[in-house]
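Colleague: Just so it is clear, I am handing over upload08.cif, which has mmCIF, C-alpha atoms and all ligand atoms.
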```cif
data_query
#
loop_
_atom_site.label_atom_id
_atom_site.label_comp_id
_atom_site.auth_asym_id
_atom_site.auth_seq_id
_atom_site.Cartn_x
_atom_site.Cartn_y
_atom_site.Cartn_z
CA MET A 3 10.51 29.83 -23.64
CA ASP A 4 12.44 26.95 -25.13
CA PHE A 5 10.88 24.61 -27.69
CA ASP A 6 13.92 22.33 -27.91
CA LEU A 7 13.96 18.99 -26.17
CA THR A 8 16.96 18.47 -23.90
CA PRO A 9 19.57 15.88 -24.95
CA GLU A 10 18.12 13.55 -22.27
CA GLN A 11 14.62 13.98 -23.66
CA GLU A 12 15.89 13.30 -27.19
CA GLN A 13 17.60 10.18 -25.91
CA ILE A 14 14.39 9.01 -24.23
CA ARG A 15 12.44 9.67 -27.42
CA LYS A 16 14.87 7.55 -29.42
CA LEU A 17 14.74 4.71 -26.89
CA ALA A 18 10.92 4.73 -26.80
CA HIS A 19 10.62 5.26 -30.57
CA ASP A 20 12.87 2.32 -31.41
CA PHE A 21 11.23 0.10 -28.82
CA ALA A 22 7.78 1.00 -30.14
CA ASP A 23 8.80 0.27 -33.76
CA GLN A 24 10.68 -2.94 -33.03
CA GLU A 25 8.76 -4.51 -30.16
CA ILE A 26 5.22 -3.08 -30.03
CA ALA A 27 4.04 -2.17 -33.53
CA PRO A 28 4.84 -5.40 -35.41
CA GLY A 29 2.27 -7.59 -33.63
CA ALA A 30 -0.41 -4.96 -33.11
CA ARG A 31 -2.72 -6.09 -35.90
CA GLU A 32 -2.65 -9.75 -34.88
CA ARG A 33 -3.25 -8.87 -31.24
CA ASP A 34 -6.16 -6.66 -32.24
CA ARG A 35 -7.61 -9.55 -34.24
CA SER A 36 -7.06 -12.16 -31.55
CA MET A 37 -7.86 -9.77 -28.68
CA THR A 38 -4.78 -10.81 -26.73
CA PHE A 39 -2.57 -8.61 -24.62
CA PRO A 40 1.22 -8.71 -25.21
CA HIS A 41 2.48 -9.61 -21.74
CA GLU A 42 5.87 -10.36 -23.27
CA VAL A 43 6.15 -6.74 -24.43
CA LEU A 44 5.35 -5.46 -20.96
CA LYS A 45 8.02 -7.72 -19.49
CA LYS A 46 10.58 -5.98 -21.70
CA MET A 47 9.30 -2.49 -20.89
CA GLY A 48 9.86 -2.81 -17.14
CA PRO A 49 13.63 -3.39 -17.23
CA LEU A 50 14.05 -0.53 -19.74
CA GLY A 51 12.37 1.83 -17.28
CA LEU A 52 9.39 2.44 -19.55
CA LEU A 53 6.87 1.60 -16.80
CA GLY A 54 8.46 3.75 -14.10
CA GLY A 55 8.02 7.25 -15.55
CA PRO A 56 8.43 10.08 -13.06
CA VAL A 57 8.53 7.73 -10.05
CA PRO A 58 11.89 8.37 -8.30
CA GLU A 59 14.63 5.79 -8.73
CA GLN A 60 14.57 4.91 -5.02
CA TYR A 61 11.11 3.37 -5.61
CA GLY A 62 12.06 1.64 -8.85
CA GLY A 63 11.12 4.38 -11.33
CA MET A 64 13.20 6.52 -13.67
CA GLY A 65 12.61 9.86 -12.00
CA ILE A 66 12.10 11.49 -15.39
CA ASP A 67 10.38 14.83 -15.95
CA TYR A 68 6.81 15.07 -17.22
CA ILE A 69 7.73 16.03 -20.79
CA SER A 70 9.84 12.87 -21.03
CA HIS A 71 6.92 10.94 -19.58
CA ALA A 72 4.67 12.33 -22.34
CA ILE A 73 7.27 11.51 -24.99
CA ILE A 74 7.36 7.84 -23.97
CA THR A 75 3.58 7.71 -23.79
CA GLU A 76 3.22 9.26 -27.24
CA GLU A 77 5.70 6.82 -28.75
CA VAL A 78 3.94 3.82 -27.24
CA GLY A 79 0.58 5.25 -28.34
CA ARG A 80 1.94 5.65 -31.87
CA ALA A 81 2.53 1.90 -31.99
CA ASP A 82 -0.42 0.45 -30.09
CA SER A 83 -3.06 2.20 -27.99
CA SER A 84 -3.84 -1.00 -26.10
CA VAL A 85 -0.30 -1.16 -24.69
CA ARG A 86 -0.39 2.60 -24.14
CA THR A 87 -3.57 2.29 -22.11
CA THR A 88 -1.91 -0.21 -19.79
CA LEU A 89 1.10 2.09 -19.44
CA SER A 90 -1.09 5.13 -18.70
CA VAL A 91 -3.10 3.37 -16.02
CA GLN A 92 -0.04 1.75 -14.50
CA ILE A 93 2.06 4.90 -14.24
CA SER A 94 -0.29 7.85 -14.09
CA LEU A 95 -3.31 6.52 -12.24
CA VAL A 96 -1.72 3.96 -9.94
CA GLU A 97 2.02 4.56 -9.40
CA LEU A 98 1.93 8.36 -9.25
CA THR A 99 -1.11 8.30 -6.96
CA ILE A 100 0.62 5.92 -4.54
CA LEU A 101 3.71 8.12 -4.77
CA LYS A 102 1.71 11.24 -3.85
CA PHE A 103 -0.63 9.86 -1.22
CA GLY A 104 0.94 6.63 0.02
CA THR A 105 2.76 5.99 3.27
CA GLU A 106 6.45 5.19 3.05
CA GLU A 107 5.58 1.54 3.57
CA GLN A 108 2.97 1.55 0.79
CA LYS A 109 5.44 3.20 -1.58
CA ARG A 110 8.18 0.68 -0.76
CA THR A 111 5.79 -2.25 -1.02
CA TYR A 112 4.06 -1.43 -4.28
CA LEU A 113 6.06 0.97 -6.44
CA PRO A 114 9.02 -1.32 -7.27
CA LYS A 115 6.64 -4.13 -8.25
CA LEU A 116 4.61 -1.81 -10.47
CA CYS A 117 7.56 0.02 -12.04
CA SER A 118 9.22 -3.26 -12.98
CA GLY A 119 6.02 -4.61 -14.52
CA GLU A 120 5.98 -7.54 -12.10
CA TRP A 121 2.53 -6.38 -10.98
CA ILE A 122 -0.12 -4.68 -13.06
CA GLY A 123 -2.36 -2.14 -11.38
CA CYS A 124 -5.84 -0.87 -12.14
CA PHE A 125 -7.91 2.12 -11.08
CA GLY A 126 -11.42 1.45 -9.80
CA LEU A 127 -13.48 4.63 -9.84
CA THR A 128 -16.20 4.30 -12.49
CA GLU A 129 -19.30 2.24 -11.70
CA PRO A 130 -22.18 0.94 -13.80
CA GLY A 131 -24.34 3.88 -12.68
CA TYR A 132 -21.65 6.52 -12.04
CA GLY A 133 -19.21 7.60 -14.75
CA SER A 134 -19.08 11.37 -15.19
CA ASP A 135 -20.72 11.83 -11.78
CA ALA A 136 -17.82 10.12 -10.06
CA ALA A 137 -18.65 11.63 -6.65
CA GLY A 138 -21.96 9.73 -6.66
CA LEU A 139 -20.30 6.30 -6.51
CA ALA A 140 -22.18 3.57 -4.68
CA THR A 141 -19.45 1.07 -3.68
CA THR A 142 -19.26 0.99 0.10
CA ALA A 143 -16.56 0.27 2.66
CA VAL A 144 -17.95 -0.35 6.14
CA LYS A 145 -15.69 -0.39 9.19
CA ASP A 146 -15.43 -3.70 11.03
CA GLY A 147 -12.89 -3.51 13.86
CA ASN A 148 -9.62 -2.56 12.22
CA ASP A 149 -10.81 -3.71 8.81
CA TRP A 150 -13.13 -2.46 6.12
CA ILE A 151 -15.69 -4.59 4.31
CA VAL A 152 -15.95 -3.53 0.67
CA ASN A 153 -19.06 -4.21 -1.42
CA GLY A 154 -19.90 -2.98 -4.89
CA ARG A 155 -19.10 -3.03 -8.56
CA LYS A 156 -16.82 -1.09 -10.86
CA MET A 157 -17.14 -0.76 -14.63
CA TRP A 158 -14.85 -0.15 -17.65
CA ILE A 159 -11.70 -0.89 -15.69
CA SER A 160 -8.64 -0.98 -17.94
CA ASN A 161 -6.16 -3.67 -16.83
CA GLY A 162 -8.75 -5.02 -14.35
CA GLY A 163 -8.51 -8.68 -15.32
CA MET A 164 -4.69 -8.59 -15.43
CA SER A 165 -4.31 -6.65 -12.19
CA LYS A 166 -2.62 -7.76 -8.99
CA LEU A 167 -3.42 -4.44 -7.34
CA ALA A 168 -6.56 -2.33 -7.54
CA LEU A 169 -6.81 1.27 -6.38
CA VAL A 170 -10.45 1.37 -5.39
CA PHE A 171 -12.69 4.23 -4.34
CA ALA A 172 -15.51 3.46 -1.93
CA ARG A 173 -17.99 5.39 0.18
CA THR A 174 -16.92 5.28 3.82
CA ASP A 175 -19.29 7.95 5.16
CA PRO A 176 -22.75 7.96 3.59
CA SER A 177 -23.81 10.88 5.77
CA ALA A 178 -21.10 13.24 4.42
CA PRO A 179 -21.67 15.42 1.31
CA LYS A 180 -21.11 13.04 -1.58
CA ALA A 181 -17.57 14.08 -2.62
CA HIS A 182 -16.45 14.11 1.02
CA GLY A 183 -17.58 10.64 2.09
CA ILE A 184 -15.26 8.67 -0.19
CA SER A 185 -11.95 6.98 0.69
CA ALA A 186 -9.31 5.19 -1.38
CA PHE A 187 -8.07 1.64 -0.78
CA LEU A 188 -5.31 -0.53 -2.18
CA LEU A 189 -6.63 -4.03 -2.76
CA GLU A 190 -4.17 -6.81 -3.44
CA ARG A 191 -5.91 -9.40 -5.58
CA ASP A 192 -4.35 -12.33 -3.68
CA GLN A 193 -5.00 -10.94 -0.20
CA HIS A 194 -8.30 -9.13 -0.78
CA PRO A 195 -9.85 -11.14 -3.60
CA TYR A 196 -12.03 -9.34 -6.10
CA ASP A 197 -13.56 -10.69 -9.28
CA ALA A 198 -12.71 -9.06 -12.60
CA PRO A 199 -14.96 -10.35 -15.37
CA THR A 200 -13.79 -9.24 -18.81
CA ILE A 201 -15.96 -6.90 -20.84
CA HIS A 202 -16.19 -8.17 -24.43
CA GLY A 203 -17.25 -6.58 -27.69
CA LYS A 204 -15.37 -3.28 -27.57
CA LEU A 205 -15.11 -1.04 -30.64
CA GLY A 206 -11.39 -0.52 -30.11
CA LEU A 207 -8.52 -1.28 -27.71
CA ARG A 208 -9.27 -4.87 -28.49
CA SER A 209 -6.03 -6.28 -27.22
CA SER A 210 -6.35 -4.33 -23.99
CA ASN A 211 -8.08 -5.93 -21.04
CA THR A 212 -11.16 -4.07 -19.84
CA SER A 213 -13.18 -5.58 -17.03
CA GLU A 214 -15.64 -5.03 -14.26
CA LEU A 215 -14.46 -5.29 -10.67
CA VAL A 216 -16.77 -7.06 -8.26
CA PHE A 217 -16.39 -6.74 -4.50
CA ASP A 218 -18.42 -9.17 -2.44
CA HIS A 219 -17.70 -8.59 1.24
CA VAL A 220 -13.99 -8.09 0.61
CA ARG A 221 -12.18 -7.62 3.92
CA VAL A 222 -9.39 -5.01 3.76
CA PRO A 223 -7.21 -3.92 6.71
CA ASP A 224 -7.21 -0.21 7.51
CA GLY A 225 -3.50 -0.17 6.61
CA GLN A 226 -4.54 -0.61 2.95
CA ARG A 227 -6.29 2.74 2.95
CA LEU A 228 -4.53 5.26 0.68
CA GLY A 229 -4.45 8.83 1.98
CA GLU A 230 -6.77 10.39 4.52
CA LEU A 231 -10.19 9.08 5.37
CA GLY A 232 -12.83 10.98 3.36
CA GLN A 233 -10.26 12.37 0.90
CA GLY A 234 -10.85 9.70 -1.75
CA PHE A 235 -12.57 11.98 -4.26
CA LYS A 236 -9.74 14.51 -4.22
CA ILE A 237 -7.27 11.66 -4.58
CA ALA A 238 -9.23 10.39 -7.59
CA MET A 239 -9.36 13.84 -9.18
CA THR A 240 -5.64 14.36 -8.60
CA ALA A 241 -4.98 10.95 -10.17
CA LEU A 242 -7.11 11.92 -13.16
CA ASP A 243 -5.07 15.10 -13.65
CA GLY A 244 -2.21 12.68 -14.27
CA GLY A 245 -4.23 10.11 -16.19
CA ARG A 246 -5.72 12.66 -18.58
CA TYR A 247 -2.24 13.98 -19.33
CA SER A 248 -1.15 10.50 -20.28
CA VAL A 249 -4.26 9.92 -22.42
CA ALA A 250 -3.57 13.20 -24.22
CA ALA A 251 0.00 12.15 -24.99
CA GLY A 252 -1.24 8.77 -26.23
CA ALA A 253 -3.79 10.46 -28.48
CA VAL A 254 -1.00 12.57 -30.02
CA GLY A 255 0.73 9.24 -30.69
CA ILE A 256 -2.28 8.00 -32.67
CA ALA A 257 -2.41 11.25 -34.65
CA GLN A 258 1.30 10.96 -35.47
CA ALA A 259 0.80 7.36 -36.55
CA CYS A 260 -1.97 8.54 -38.89
CA ILE A 261 0.39 11.07 -40.47
CA ASP A 262 3.19 8.52 -40.85
CA ALA A 263 0.88 5.93 -42.42
CA SER A 264 -0.73 8.48 -44.74
CA VAL A 265 2.54 9.98 -45.98
CA ALA A 266 3.92 6.50 -46.70
CA TYR A 267 0.78 5.34 -48.48
CA ALA A 268 0.34 8.54 -50.48
CA GLY A 269 3.92 8.25 -51.72
CA GLN A 270 3.53 4.76 -53.13
CA ARG A 271 -0.13 4.55 -54.21
CA LYS A 272 -0.74 5.71 -57.75
CA THR A 273 -3.94 6.91 -59.41
CA PHE A 274 -4.25 8.42 -62.88
CA GLY A 275 -0.57 7.53 -63.35
CA LYS A 276 0.77 9.61 -60.43
CA PRO A 277 1.37 9.02 -56.71
CA ILE A 278 -1.65 10.34 -54.84
CA ALA A 279 0.76 12.47 -52.76
CA SER A 280 1.01 14.73 -55.81
CA TYR A 281 -2.68 15.69 -55.57
CA GLN A 282 -3.46 18.87 -53.68
CA LEU A 283 -6.53 17.45 -51.97
CA VAL A 284 -4.43 14.59 -50.53
CA GLN A 285 -1.77 17.03 -49.38
CA GLU A 286 -4.49 19.07 -47.71
CA LEU A 287 -5.60 16.03 -45.71
CA ILE A 288 -2.01 15.46 -44.60
CA ALA A 289 -1.35 19.12 -43.84
CA ASP A 290 -4.47 19.36 -41.68
CA MET A 291 -3.32 16.31 -39.71
CA ILE A 292 0.12 17.80 -39.19
CA VAL A 293 -1.16 21.18 -37.98
CA GLU A 294 -3.55 19.63 -35.46
CA THR A 295 -1.04 17.09 -34.24
CA GLU A 296 1.66 19.68 -33.63
CA ALA A 297 -0.83 21.89 -31.79
CA ALA A 298 -1.97 18.99 -29.63
CA ARG A 299 1.61 18.01 -28.82
CA LEU A 300 2.39 21.57 -27.73
CA LEU A 301 -0.68 21.58 -25.47
CA VAL A 302 0.53 18.34 -23.90
CA TYR A 303 4.00 19.82 -23.36
CA LYS A 304 2.41 22.96 -21.85
CA ALA A 305 0.56 20.81 -19.31
CA GLY A 306 3.79 18.88 -18.69
CA HIS A 307 5.58 22.16 -18.08
CA GLU A 308 3.03 23.05 -15.37
CA LYS A 309 3.53 19.63 -13.80
CA ASN A 310 7.31 19.96 -13.89
CA ALA A 311 6.99 23.31 -12.14
CA GLY A 312 4.79 21.73 -9.48
CA ARG A 313 1.92 24.09 -10.31
CA PRO A 314 -1.77 23.09 -10.47
CA SER A 315 -2.28 21.59 -13.91
CA THR A 316 -5.98 20.69 -14.01
CA ARG A 317 -6.92 23.35 -16.56
CA ALA A 318 -3.91 22.80 -18.85
CA THR A 319 -4.42 19.04 -18.65
CA SER A 320 -8.10 19.21 -19.56
CA ILE A 321 -7.32 21.50 -22.53
CA ALA A 322 -4.65 19.09 -23.77
CA LYS A 323 -6.81 16.01 -23.21
CA LEU A 324 -9.85 17.52 -24.91
CA TYR A 325 -7.97 18.70 -27.97
CA ALA A 326 -5.68 15.70 -28.39
CA ALA A 327 -8.57 13.25 -28.05
CA GLU A 328 -10.68 15.12 -30.60
CA ILE A 329 -7.93 15.52 -33.18
CA ALA A 330 -6.82 11.88 -32.89
CA SER A 331 -10.26 10.88 -34.14
CA ARG A 332 -10.19 13.52 -36.88
CA CYS A 333 -6.72 12.47 -38.02
CA ALA A 334 -7.72 8.80 -38.10
CA ASP A 335 -10.74 9.70 -40.22
CA ARG A 336 -8.55 11.64 -42.66
CA ALA A 337 -5.96 8.84 -42.72
CA ILE A 338 -8.66 6.41 -43.85
CA GLN A 339 -9.66 8.89 -46.53
CA VAL A 340 -6.07 9.02 -47.80
CA HIS A 341 -6.00 5.21 -47.93
CA GLY A 342 -9.32 4.99 -49.79
CA GLY A 343 -10.85 1.51 -49.77
CA TYR A 344 -7.69 0.00 -48.29
CA GLY A 345 -8.18 2.17 -45.22
CA PHE A 346 -11.37 0.27 -44.52
CA SER A 347 -9.58 -3.03 -43.99
CA ASP A 348 -6.97 -4.07 -41.46
CA GLU A 349 -4.45 -4.65 -44.22
CA PHE A 350 -3.40 -1.14 -43.18
CA PRO A 351 -3.32 0.08 -39.57
CA VAL A 352 -5.44 3.21 -39.98
CA GLU A 353 -8.78 1.47 -39.35
CA ARG A 354 -7.39 0.37 -35.96
CA TYR A 355 -6.27 3.91 -35.23
CA TYR A 356 -9.81 5.06 -36.03
CA ARG A 357 -11.36 2.54 -33.62
CA ASP A 358 -8.72 3.02 -30.93
CA ALA A 359 -8.89 6.82 -31.08
CA ARG A 360 -12.56 6.91 -30.19
CA VAL A 361 -12.27 5.94 -26.54
CA ASN A 362 -9.99 8.88 -25.81
CA ARG A 363 -13.06 11.12 -26.02
CA LEU A 364 -14.76 8.95 -23.40
CA TYR A 365 -12.39 7.58 -20.80
CA GLU A 366 -10.74 9.50 -18.00
CA GLY A 367 -13.43 12.13 -18.43
CA THR A 368 -15.45 12.63 -21.61
CA SER A 369 -14.77 15.58 -23.88
CA GLN A 370 -17.86 17.18 -22.37
CA ILE A 371 -16.42 16.84 -18.84
CA GLN A 372 -13.17 18.49 -20.01
CA LYS A 373 -15.24 21.37 -21.45
CA LEU A 374 -17.10 21.74 -18.15
CA ILE A 375 -13.79 21.92 -16.28
CA ILE A 376 -12.33 24.47 -18.72
CA GLY A 377 -15.57 26.48 -18.67
CA ARG A 378 -15.61 26.45 -14.88
CA PHE A 379 -12.08 27.90 -14.78
CA ALA A 380 -13.11 30.62 -17.23
CA THR A 381 -16.37 31.67 -15.62
CA GLY A 382 -15.98 30.63 -12.00
CA ILE A 383 -19.43 29.08 -12.38
CA ASP A 384 -20.01 25.39 -11.67
CA ALA A 385 -22.30 24.24 -14.48
CA ILE A 386 -22.97 20.95 -12.65
CA ALA A 387 -24.01 22.25 -9.22
N1 LIG B 1 -7.72 18.05 -7.96
C1 LIG B 1 -7.92 18.08 -6.62
N2 LIG B 1 -9.14 18.26 -6.07
C2 LIG B 1 -10.18 18.42 -6.90
C3 LIG B 1 -10.04 18.39 -8.30
C4 LIG B 1 -8.74 18.21 -8.83
N3 LIG B 1 -8.53 18.17 -10.15
N4 LIG B 1 -11.26 18.56 -8.89
C5 LIG B 1 -12.13 18.70 -7.88
N5 LIG B 1 -11.48 18.62 -6.68
C6 LIG B 1 -12.04 18.76 -5.34
C7 LIG B 1 -12.76 20.10 -5.26
O1 LIG B 1 -11.86 21.11 -4.87
C8 LIG B 1 -13.82 19.84 -4.22
O2 LIG B 1 -13.27 19.97 -2.93
P1 LIG B 1 -14.07 20.76 -1.76
O3 LIG B 1 -15.46 20.16 -1.77
O4 LIG B 1 -13.30 20.47 -0.54
O5 LIG B 1 -14.09 22.18 -2.18
C9 LIG B 1 -14.17 18.38 -4.41
O6 LIG B 1 -13.05 17.79 -5.12
C10 LIG B 1 -15.43 18.21 -5.21
O7 LIG B 1 -15.22 18.84 -6.43
P2 LIG B 1 -16.39 19.26 -7.41
O8 LIG B 1 -17.44 20.02 -6.64
O9 LIG B 1 -15.77 19.91 -8.59
O10 LIG B 1 -17.01 17.85 -7.80
P3 LIG B 1 -18.12 17.48 -8.83
O11 LIG B 1 -18.94 16.38 -8.28
O12 LIG B 1 -18.81 18.72 -9.31
O13 LIG B 1 -17.30 16.83 -10.05
C11 LIG B 1 -16.18 16.72 -12.12
C12 LIG B 1 -16.48 17.52 -10.85
C13 LIG B 1 -17.36 16.61 -13.04
C14 LIG B 1 -15.07 17.49 -12.81
C15 LIG B 1 -15.69 15.28 -11.72
O14 LIG B 1 -16.72 14.52 -11.18
C16 LIG B 1 -15.13 14.55 -12.90
O15 LIG B 1 -13.99 14.76 -13.28
N6 LIG B 1 -15.93 13.62 -13.48
C17 LIG B 1 -15.44 12.75 -14.50
C18 LIG B 1 -14.91 11.52 -13.87
C19 LIG B 1 -14.00 10.78 -14.78
O16 LIG B 1 -13.10 11.33 -15.38
N7 LIG B 1 -14.21 9.48 -14.86
C20 LIG B 1 -13.37 8.62 -15.58
C21 LIG B 1 -12.81 7.64 -14.61
S1 LIG B 1 -11.34 6.90 -15.08
S2 LIG B 1 -11.73 5.93 -16.71
#
```
Could you quickly redo this structure as structure tokens?
Ligand code: COS
Modeller:
Amino acid sequence: MDFDLTPEQEQIRKLAHDFADQEIAPGARERDRSMTFPHEVLKKMGPLGLLGGPVPEQYGGMGIDYISHAIITEEVGRADSSVRTTLSVQISLVELTILKFGTEEQKRTYLPKLCSGEWIGCFGLTEPGYGSDAAGLATTAVKDGNDWIVNGRKMWISNGGMSKLALVFARTDPSAPKAHGISAFLLERDQHPYDAPTIHGKLGLRSSNTSELVFDHVRVPDGQRLGELGQGFKIAMTALDGGRYSVAAGAVGIAQACIDASVAYAGQRKTFGKPIASYQLVQELIADMIVETEAARLLVYKAGHEKNAGRPSTRATSIAKLYAAEIASRCADRAIQVHGGYGFSDEFPVERYYRDARVNRLYEGTSQIQKLIIGRFATGIDAIA
């Protein structure tokens, strides 16, 4: 067992760290206030390789290992979870799923555009009535000659309104058992137009675009189908094994940001004539954050290790996602406590961390879903069936 990062991984951390500090963090508060997404930041990330992750270089990616992928994601998440969400969806849910299940033509067509940031992708699984019960989804794709006609509605779609490409899951065989009658499709917004009305009023991720997707008789050629007919649910679950990994790394980034902000504040804020860092109860808050953050990071790296080895990583990923998402919220709560009243205003970033952390326990599988998956591995018993 080796806990050291390789020189390449250290180099990637420095690149991502500096980029996050110089290009992403400075405008985060204003973007959160104005609810605007930093397209200009994304345009810079593409050429640096930060949107290509483990996608091989021949398709426009960086071909990096999964620990390096987590390192970049953590660093971006440390600066701004809204940007990190776009990165996670782009790389882990869309690019890596096309890489795994796409035809050579699909890979050559879409991956370079996505890795460069020229196109933004989104992942359309969740529906207004089907979140945790993803296999129940109601969007349909009905065969018409060599095309499919897609009808339905998706909900809580990160990047939806900004997307040029949507990876959409639809029921193609209503007579099959529910997880087996679903197929995946690649919808190009220009060719297969879908609506993407923005969802307003979110607690956090305010500069990130979240939308519905609306399909009203959208005609899609069979060549846009991703993977085998009827295999859509497995494709979605495989994608989520990647997406949850990325969310976990991003949550570690929030927790680290909470530590950094708290240590800085505690060193300069004085009460009773002394910096608050000199009080044991403040140090306890910081120490608890550090212990949980290091543990979460190691769980992420453990899941990354499984992925690098090409082994099934569902269990390790759910453990990392569950823990990292939970401790990000706890760390943000403690960071506000360290900041006292100032932590309650956006003069300091910790209130944003608190709001942004919360969704990690909801999206890409709630904490309860991760527990069901972990419990199922332990007992062999499906608590849902
Ligand atoms: N990788 C590959 N295949 C998987 C898989 C995975 N991680 N998880 C399940 N499958 C396969 C199963 O092997 C099974 O195949 P067979 O029927 O051929 O044996 C099939 O998919 C159905 O699996 P399962 O019976 O476990 O499906 P359930 O309906 O019980 O759902 C949960 C399982 C709850 C784990 C799943 O629905 C889930 O993850 N829900 C949360 C969805 C989610 O994260 N939504 C967020 C969307 S993105 S914001």
Colleague: Could you check the closest approach to ligand LIG 1 (chain B) for each of A:Val361, A:Ala305, A:Gly133, A:Val216 and tell me which residue wins, using only C-alpha atoms and all ligand atoms?
Modeller: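 The closest residue to ligand LIG 1 (chain B) is A:Gly133.
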Colleague: Measure the distance from CA of Trp158 (chain A) to CA of Gly51 (chain A) in Å and round it to one decimal.
Modeller: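 CA of Gly51 (chain A) lies at a distance of 27.3 Å from CA of Trp158 (chain A).
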Colleague: Would you mind listing what lies within 10 Å of Lys156 (chain A) as a list in words, with all atoms listed in the file counted and same-chain residues fewer than 2 positions away left out?
Modeller: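 My list of contacting residues is Phe125, Gly126, Leu127, Thr128, Glu129, Pro130, Gly131, Tyr132, Gly133, Leu139, Ala140, Thr141, Gly154, Trp158, Ile159, Gly162, Val170, Phe171, Ala198, Ser213, Glu214, Leu215, Val216 and Phe217 of chain A.
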Colleague: Given the choices A:Leu207, A:Arg110, A:Gly377, A:Ile100, which gets closest to Ser36 (chain A) if the distance is worked out from all atoms listed in the file?
Modeller: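 Among the listed residues, A:Leu207 lies closest to Ser36 (chain A).
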Colleague: Mind listing the residues within 6 Å of ligand LIG 1 (chain B), all atoms listed in the file counted, as a ChimeraX atom specification?
Modeller: /A:127-128,133-137,181,235-236,239-240,243,316,365-367,371,375,386
